[in-house]
file entry.cif (mmCIF, C-alpha atoms)
data_input
#
loop_
_atom_site.label_atom_id
_atom_site.label_comp_id
_atom_site.auth_asym_id
_atom_site.auth_seq_id
_atom_site.Cartn_x
_atom_site.Cartn_y
_atom_site.Cartn_z
CA MET A 1 15.87 -13.32 0.39
CA PRO A 2 13.25 -15.96 1.26
CA GLN A 3 12.41 -18.40 -1.50
CA GLU A 4 9.32 -17.28 -3.39
CA GLU A 5 6.53 -19.76 -4.02
CA ASN A 6 4.95 -20.28 -7.47
CA VAL A 7 8.11 -19.45 -9.38
CA PHE A 8 8.08 -20.05 -13.13
CA GLN A 9 11.31 -20.16 -15.08
CA SER A 10 11.11 -20.23 -18.86
CA LYS A 11 14.50 -21.80 -19.55
CA GLY A 12 13.86 -25.20 -21.04
CA ILE A 13 10.09 -24.86 -20.70
CA GLN A 14 7.77 -24.35 -23.66
CA ASP A 15 6.68 -20.81 -24.48
CA ASN A 16 3.03 -21.71 -24.04
CA ASP A 17 3.75 -22.35 -20.34
CA LEU A 18 5.21 -18.84 -20.03
CA MET A 19 2.25 -17.45 -21.94
CA SER A 20 -0.14 -19.14 -19.50
CA TYR A 21 1.31 -17.04 -16.65
CA LEU A 22 1.14 -13.84 -18.68
CA LEU A 23 -2.39 -14.65 -19.83
CA ALA A 24 -3.45 -15.42 -16.25
CA SER A 25 -2.19 -12.00 -15.10
CA TYR A 26 -4.06 -10.39 -18.01
CA ARG A 27 -7.27 -12.36 -17.48
CA ASP A 28 -7.41 -12.22 -13.67
CA LYS A 29 -5.90 -8.71 -13.29
CA LYS A 30 -3.31 -10.12 -10.87
CA ILE A 31 0.10 -8.64 -10.16
CA ILE A 32 3.12 -10.73 -11.11
CA LEU A 33 6.87 -10.16 -10.96
CA VAL A 34 8.55 -10.30 -14.37
CA TYR A 35 12.31 -10.86 -14.68
CA THR A 36 14.15 -9.88 -17.88
CA ASN A 37 17.63 -8.69 -16.88
CA ILE A 38 19.94 -11.73 -16.90
CA ASP A 39 22.85 -9.57 -15.70
CA ARG A 40 20.89 -8.40 -12.64
CA THR A 41 18.78 -11.35 -11.55
CA ASP A 42 17.52 -9.41 -8.52
CA PHE A 43 15.78 -6.85 -10.80
CA PHE A 44 12.14 -7.35 -11.73
CA SER A 45 9.06 -5.44 -12.81
CA ALA A 46 5.92 -5.72 -10.68
CA GLY A 47 2.61 -5.27 -12.41
CA ILE A 48 -0.41 -6.56 -14.25
CA VAL A 49 -0.18 -7.59 -17.87
CA SER A 50 -2.64 -5.19 -19.54
CA GLU A 51 -1.96 -6.04 -23.20
CA ILE A 52 -0.43 -9.06 -24.95
CA PHE A 53 0.96 -8.88 -28.48
CA ASP A 54 2.82 -11.37 -30.68
CA ASN A 55 6.24 -10.41 -29.27
CA GLU A 56 5.59 -8.03 -26.37
CA VAL A 57 3.49 -7.40 -23.31
CA ILE A 58 2.51 -4.09 -21.77
CA ILE A 59 2.58 -4.11 -17.99
CA ASN A 60 0.66 -1.74 -15.72
CA HIS A 61 3.58 -1.10 -13.40
CA TYR A 62 3.58 -0.59 -9.59
CA LEU A 63 6.12 0.80 -7.14
CA PRO A 64 7.15 -1.32 -4.11
CA ASN A 65 4.71 0.77 -2.02
CA GLY A 66 1.83 -0.25 -4.32
CA LYS A 67 1.53 3.17 -5.97
CA TYR A 68 1.07 3.83 -9.68
CA ASP A 69 4.27 3.61 -11.74
CA GLY A 70 3.09 4.01 -15.33
CA PHE A 71 3.53 1.42 -18.07
CA ILE A 72 6.37 -0.65 -19.47
CA VAL A 73 6.78 -2.80 -22.57
CA LYS A 74 8.65 -6.08 -22.22
CA GLN A 75 9.77 -8.38 -25.01
CA ILE A 76 8.26 -11.82 -24.35
CA SER A 77 11.48 -13.47 -25.52
CA SER A 78 13.47 -11.65 -22.81
CA ILE A 79 11.30 -12.90 -19.91
CA TYR A 80 13.14 -15.70 -18.14
CA LYS A 81 11.26 -15.86 -14.82
CA VAL A 82 7.83 -14.97 -13.47
CA ILE A 83 6.69 -15.01 -9.84
CA ALA A 84 3.01 -15.09 -8.91
CA GLU A 85 1.15 -15.12 -5.59
CA SER A 86 4.21 -14.63 -3.40
CA LYS A 87 4.04 -12.70 -0.14
CA TYR A 88 5.75 -9.76 -1.85
CA VAL A 89 3.19 -9.80 -4.68
CA LYS A 90 0.34 -9.94 -2.17
CA LYS A 91 1.85 -6.96 -0.32
CA ILE A 92 1.90 -4.87 -3.51
CA GLU A 93 -1.66 -5.97 -4.35
CA LYS A 94 -2.89 -4.94 -0.91
CA LEU A 95 -1.11 -1.57 -1.01
CA SER A 96 -2.40 -0.86 -4.54
CA GLU A 97 -5.95 -1.57 -3.35
CA ILE A 98 -5.48 0.81 -0.41
CA GLU A 99 -4.11 3.47 -2.80
CA GLU A 100 -6.96 2.73 -5.28
CA VAL A 101 -4.43 2.72 -8.13
CA LYS A 102 -5.90 2.99 -11.63
CA HIS A 103 -4.09 2.73 -14.97
CA ASP A 104 -5.56 4.09 -18.19
CA LYS A 105 -6.87 1.59 -20.74
CA LEU A 106 -4.60 1.68 -23.78
CA ARG A 107 -5.81 1.72 -27.38
CA ARG A 108 -4.04 -1.04 -29.33
CA ILE A 109 -2.14 0.12 -32.41
CA LYS A 110 -1.35 -2.39 -35.21
CA ASN A 111 -0.85 -5.32 -32.80
CA ASP A 112 2.39 -3.67 -31.63
CA GLY A 113 3.14 -3.00 -27.96
CA VAL A 114 5.84 -0.39 -28.54
CA LEU A 115 3.73 1.52 -31.07
CA THR A 116 0.71 1.30 -28.74
CA LEU A 117 2.61 2.81 -25.79
CA LEU A 118 4.39 5.45 -27.90
CA THR A 119 1.01 6.53 -29.30
CA TYR A 120 -0.48 6.71 -25.80
CA ALA A 121 2.47 8.85 -24.64
CA TYR A 122 2.09 11.12 -27.67
CA GLU A 123 -1.68 11.57 -27.23
CA THR A 124 -1.54 12.16 -23.45
CA LYS A 125 1.73 14.14 -23.43
CA LYS A 126 3.42 11.72 -21.00
CA VAL A 127 7.20 11.40 -20.66
CA VAL A 128 8.87 8.21 -21.91
CA SER A 129 12.23 6.56 -21.24
CA ILE A 130 13.65 4.53 -24.09
CA GLU A 131 16.49 2.04 -24.25
CA LEU A 132 17.92 1.17 -27.68
CA PHE A 133 19.71 -2.06 -28.66
CA GLU A 134 19.57 -3.49 -25.09
CA SER A 135 22.19 -0.90 -24.08
CA ASP A 136 21.10 -0.80 -20.41
CA ASN A 137 20.98 3.01 -20.81
CA GLU A 138 18.19 5.52 -21.02
CA ASP A 139 19.03 6.47 -24.60
CA ALA A 140 16.12 8.90 -24.97
CA VAL A 141 13.98 10.52 -22.26
CA GLY A 142 11.31 13.06 -23.08
CA PHE A 143 8.09 13.73 -24.96
CA VAL A 144 7.06 11.89 -28.14
CA THR A 145 6.58 14.64 -30.73
CA GLN A 146 6.22 12.59 -33.89
CA ILE A 147 5.58 8.96 -34.67
CA ASN A 148 4.94 6.84 -37.75
CA ASP A 149 5.24 3.14 -38.56
CA LYS A 150 9.03 3.31 -38.70
CA TYR A 151 10.43 6.31 -36.79
CA CYS A 152 9.87 8.12 -33.53
CA THR A 153 10.94 11.67 -32.64
CA ILE A 154 11.52 12.62 -28.99
CA SER A 155 11.89 16.11 -27.54
CA LEU A 156 14.57 15.31 -24.99
CA LEU A 157 14.53 16.43 -21.35
CA SER A 158 17.52 16.91 -19.08
CA ASP A 159 17.62 15.51 -15.54
CA TYR A 160 16.18 18.87 -14.46
CA GLY A 161 13.18 18.84 -16.80
CA GLU A 162 14.73 21.33 -19.25
CA ASN A 163 14.52 20.95 -23.03
CA ASP A 164 17.67 19.20 -24.20
CA GLY A 165 17.39 18.79 -27.95
CA VAL A 166 15.58 16.41 -30.26
CA THR A 167 16.32 12.85 -31.38
CA ILE A 168 14.87 10.56 -34.02
CA PHE A 169 15.40 6.79 -34.25
CA ASN A 170 13.98 3.61 -35.70
CA ILE A 171 11.16 2.17 -33.57
CA GLU A 172 12.44 -1.37 -34.28
CA ASP A 173 15.61 -0.53 -32.32
CA ILE A 174 13.71 0.04 -29.05
CA SER A 175 14.54 -2.72 -26.56
CA HIS A 176 12.81 -1.19 -23.51
CA LEU A 177 10.11 1.45 -23.16
CA ALA A 178 8.66 2.97 -20.00
CA CYS A 179 5.97 5.63 -19.88
CA ASP A 180 4.77 7.81 -16.99
CA SER A 181 6.75 5.97 -14.32
CA ASP A 182 7.64 7.80 -11.13
CA ASP A 183 10.92 9.08 -12.64
CA GLU A 184 9.22 10.27 -15.81
CA TYR A 185 6.40 11.91 -13.87
CA VAL A 186 8.97 13.89 -11.85
CA LEU A 187 10.61 15.14 -15.08
CA LYS A 188 7.23 16.19 -16.45
CA GLN A 189 6.47 18.10 -13.25
CA LEU A 190 9.84 19.85 -13.38
CA HIS A 191 9.34 20.69 -17.06
CA GLU A 192 5.88 22.16 -16.44
CA HIS A 193 7.15 24.36 -13.60
CA LEU A 194 10.24 25.88 -15.15
#
call {"tool": "encode", "arguments": {"input": "entry.cif", "output": "structure tokens"}}
result
Amino acid sequence: MPQEENVFQSKGIQDNDLMSYLLASYRDKKIILVYTNIDRTDFFSAGIVSEIFDNEVIINHYLPNGKYDGFIVKQISSIYKVIAESKYVKKIEKLSEIEEVKHDKLRRIKNDGVLTLLTYAYETKKVVSIELFESDNEDAVGFVTQINDKYCTISLLSDYGENDGVTIFNIEDISHLACDSDDEYVLKQLHEHL
């Protein structure tokens, strides 16, 4: 892989330097690559920071072909590298312009990124994928059916879009949250056409 220009690595660098890259993406509506998986350093999320909270960011996510890929919440403390203005980033920006990709504007809830995205998913009936305790698993995939300050209830979906039970868990235990990504959109389509 060719070396990317404008690479920022947070290890050993003050948090306000990391925040400057996240704020620049938010302010300028520019796509960046965000790295959080230290076990898979080739994995990243491409998108525009749409909301910044005390501990999290919400990213308007894009597929490699520049198409819409929903939203994700990332813990700021888990971000160890950001890439801006690389050739790959510029490719995604160009393709997203061609596709005229638009993300909904989210309504902030209690200065909490997870609660904001869960509420959006609940109100718009979008499918979410949730990881708990940094398990690297999709611990809950489905529709948000109930939410309060502490707990979330999900109507689970199978890989085929079928109802597959209900789960409830503590919102504080969520380590990764994605909403309306390509995979979740497919499950919603399958569910609606059973």
call {"tool": "residues_around", "arguments": {"input": "entry.cif", "residues": "stretch 39-44 of chain A", "least_positions_apart": "4", "cutoff": "10 Å", "atoms": "all atoms listed in the file", "output": "list in words"}}
result
Met1, Ile32, Leu33, Val34, Tyr35, Ile79, Tyr80, Lys81, Val82 and Ile83 of chain A
call {"tool": "write_last_selection", "arguments": {"input": "entry.cif", "atoms": "C-alpha atoms", "output": "PDB file, in the frame of the given file"}}
result
ATOM      1  CA  MET A   1      15.870 -13.320   0.390  1.00  0.00           C
ATOM      2  CA  ILE A  32       3.120 -10.730 -11.110  1.00  0.00           C
ATOM      3  CA  LEU A  33       6.870 -10.160 -10.960  1.00  0.00           C
ATOM      4  CA  VAL A  34       8.550 -10.300 -14.370  1.00  0.00           C
ATOM      5  CA  TYR A  35      12.310 -10.860 -14.680  1.00  0.00           C
ATOM      6  CA  ILE A  79      11.300 -12.900 -19.910  1.00  0.00           C
ATOM      7  CA  TYR A  80      13.140 -15.700 -18.140  1.00  0.00           C
ATOM      8  CA  LYS A  81      11.260 -15.860 -14.820  1.00  0.00           C
ATOM      9  CA  VAL A  82       7.830 -14.970 -13.470  1.00  0.00           C
ATOM     10  CA  ILE A  83       6.690 -15.010  -9.840  1.00  0.00           C
TER      11      ILE A  83
END
call {"tool": "resolve_selection", "arguments": {"input": "entry.cif", "expression": "the PyMOL selection byres ((chain A and resi 46) around 12)", "output": "PyMOL selection string"}}
result
chain A and resi 25+30-36+43-45+47-49+58-72+74+82-86+88-93+96
call {"tool": "atom_distance", "arguments": {"input": "entry.cif", "atom1": "atom CA of A:Met19", "atom2": "atom CA of A:Leu106"}}
result
20.4 Å
call {"tool": "closest_residue", "arguments": {"input": "entry.cif", "among": "A:Ser129, A:Thr167, A:Ser50, A:Ser20", "to": "A:Lys188", "atoms": "only C-alpha atoms"}}
result
A:Ser129
call {"tool": "closest_residue", "arguments": {"input": "entry.cif", "among": "A:Phe169, A:Tyr160, A:Tyr122, A:Phe133", "to": "A:Val186", "atoms": "all atoms listed in the file"}}
result
A:Tyr160
call {"tool": "closest_residue", "arguments": {"input": "entry.cif", "among": "A:Lys150, A:His103, A:His193, A:Lys94", "to": "A:Ser181", "atoms": "only C-alpha atoms"}}
result
A:His103
call {"tool": "atom_distance", "arguments": {"input": "entry.cif", "atom1": "atom CA of A:His191", "atom2": "atom CA of A:Thr153"}}
result
18.1 Å
call {"tool": "residues_around", "arguments": {"input": "entry.cif", "residues": "A:Lys110", "least_positions_apart": "6", "cutoff": "10 Å", "atoms": "only C-alpha atoms", "output": "MDAnalysis selection string"}}
result
chainID A and resid 53 116 149
call {"tool": "atom_distance", "arguments": {"input": "entry.cif", "atom1": "atom CA of A:Asn170", "atom2": "atom CA of A:Leu132"}}
result
9.3 Å
call {"tool": "closest_residue", "arguments": {"input": "entry.cif", "among": "A:Leu95, A:Val141, A:Leu118, A:Val73", "to": "A:Ser175", "atoms": "only C-alpha atoms"}}
result
A:Val73
call {"tool": "resolve_selection", "arguments": {"input": "entry.cif", "expression": "the PyMOL selection byres ((chain A and resi 134) around 9)", "output": "ChimeraX atom specification"}}
result
/A:131-133,135-137,173-176
call {"tool": "resolve_selection", "arguments": {"input": "entry.cif", "expression": "the PyMOL selection byres ((chain A and resi 164) around 12)", "output": "ChimeraX atom specification"}}
result
/A:140-143,154-163,165-167,191
call {"tool": "residues_around", "arguments": {"input": "entry.cif", "residues": "A:Asn111", "least_positions_apart": "2", "cutoff": "9 Å", "atoms": "all atoms listed in the file", "output": "number ranges by chain"}}
result
A: 52-54, 108-109, 113, 115-116
call {"tool": "residues_around", "arguments": {"input": "entry.cif", "residues": "A:Thr119", "least_positions_apart": "4", "cutoff": "9 Å", "atoms": "only C-alpha atoms", "output": "MDAnalysis selection string"}}
result
chainID A and resid 107 109 114:115 123:124 144 147
